[in-house]
Amino acid sequence: MNFAEFKAEVYKRYGLDLNQYKENQVQRRLNLFLEKSGLKDFGNLLLAMDKDAKMFEKFIDTLTINVTEFFRDPKIFFKLYEKYLPEFKGKGNLKIWSAGCSTGAEPYSVAIFLEELGFKNYRLDASDLDENILKAAREGKFGPEALKNVPREWITKYFDREGEVYQVKAALRQKVNFKRQNLLKDSFDKGYHLILCRNVIIYFTKEAQDGLYRKFSESLVPQGILFIGGSEVIFNPEKYRLIRLEPCFYRRLG
């Protein structure tokens, strides 16, 4: 089975459209995965996934890059705390979404900001394609390296430590609603004041990126903020009814 046939079967059986991922990156990762798994070709991989759900989960893990770090790119990330989140104070119930949340460091980082800023009523959604990753996110356990950007007083306040494992306190974990979501296929909820999708869209084709930026924009309230990764740029943001505020931050036009 060649790669084109494999992509068609994956879409038919699992609803995952690999044509919307950058082909060279996907093929490179999957070829390494085949080698590590001792599988001869894509046909064998498909058979293995049909027989074993864990093999499908490993396949999904291969497609996604899961970087776990609180306040990733801190100079950029702390602008949320200092500049953008405060402008939503006093505007009713705040609604935020972390898309492609990986093991949860990003939405938990936002939750810490919200608590520190005194927000009482907010909804914080977080989604990812990988169910195993979401299970880890709900547990909220991290190694010390993931907390390197977290101020010491916040570590004491928001984490329980057991040896070299730091677990997000239960009260904060309950603030985040984790769910499985295929960004390329599933519908998006509406009415978000802030959407974070950082270092995810770069793995998709230009056509898929275009569709995602449109859907993100439509999911934002007027004047809402889209926060993307440091290696990402939205060209011609006005066609999505967005305006660039500064690197990584875009506002939905009213």
# chains A, B, ... in the order shown; residues from 1 in each chain; ligands from 1
$ residues_around --residues "Tyr203 of chain A" --least-positions-apart "2" --cutoff "8 Å" --atoms "only C-alpha atoms" --output "MDAnalysis selection string"
chainID A and resid 21:22 25 200:201 205
$ write_last_selection --atoms "C-alpha atoms" --output "mmCIF file, in the first residue's frame"
data_model
loop_
_atom_site.group_PDB
_atom_site.id
_atom_site.type_symbol
_atom_site.label_atom_id
_atom_site.label_comp_id
_atom_site.auth_asym_id
_atom_site.auth_seq_id
_atom_site.Cartn_x
_atom_site.Cartn_y
_atom_site.Cartn_z
ATOM 1 C CA TYR A 21 -1.068 18.015 6.962
ATOM 2 C CA LYS A 22 2.210 18.948 5.282
ATOM 3 C CA GLN A 25 6.633 16.137 7.534
ATOM 4 C CA VAL A 200 -0.017 23.882 15.890
ATOM 5 C CA ILE A 201 -1.129 25.346 12.573
ATOM 6 C CA THR A 205 -1.104 22.905 4.543
#
$ atom_distance --atom1 "atom CA of Lys91 of chain A" --atom2 "atom CA of Tyr122 of chain A"
10.7 Å
$ residues_around --residues "Met49 of chain A" --least-positions-apart "3" --cutoff "12 Å" --atoms "only C-alpha atoms" --output "list in words"
Phe6, Glu9, Val10, Arg13, Tyr14, Ser37, Leu39, Phe42, Gly43, Asn44, Leu45, Leu46, Asp52, Ala53, Lys54, Met55, Phe56, Glu57, Lys58, Phe59 and Ile60 of chain A
$ select_by_dssp --residues "segment 8-202 of chain A" --states "strand (DSSP E)" --output "ChimeraX atom specification"
/A:94-99,122-128,141-142,159-162,165-168,176-180,192-197
$ closest_residue --among "A:Leu134, A:Val233, A:Ile195, A:Leu184" --to "Val110 of chain A" --atoms "only C-alpha atoms"
A:Ile195
$ closest_residue --among "A:Gln20, A:Thr62, A:Gln167, A:Asn177" --to "Ala146 of chain A" --atoms "only C-alpha atoms"
A:Gln167
$ residues_around --residues "Arg161 of chain A" --least-positions-apart "3" --cutoff "12 Å" --atoms "only C-alpha atoms" --output "ChimeraX atom specification"
/A:140-144,147,155-158,164-169
$ closest_residue --among "A:Glu69, A:Cys197, A:Ile112, A:Asp160" --to "Asp128 of chain A" --atoms "only C-alpha atoms"
A:Cys197
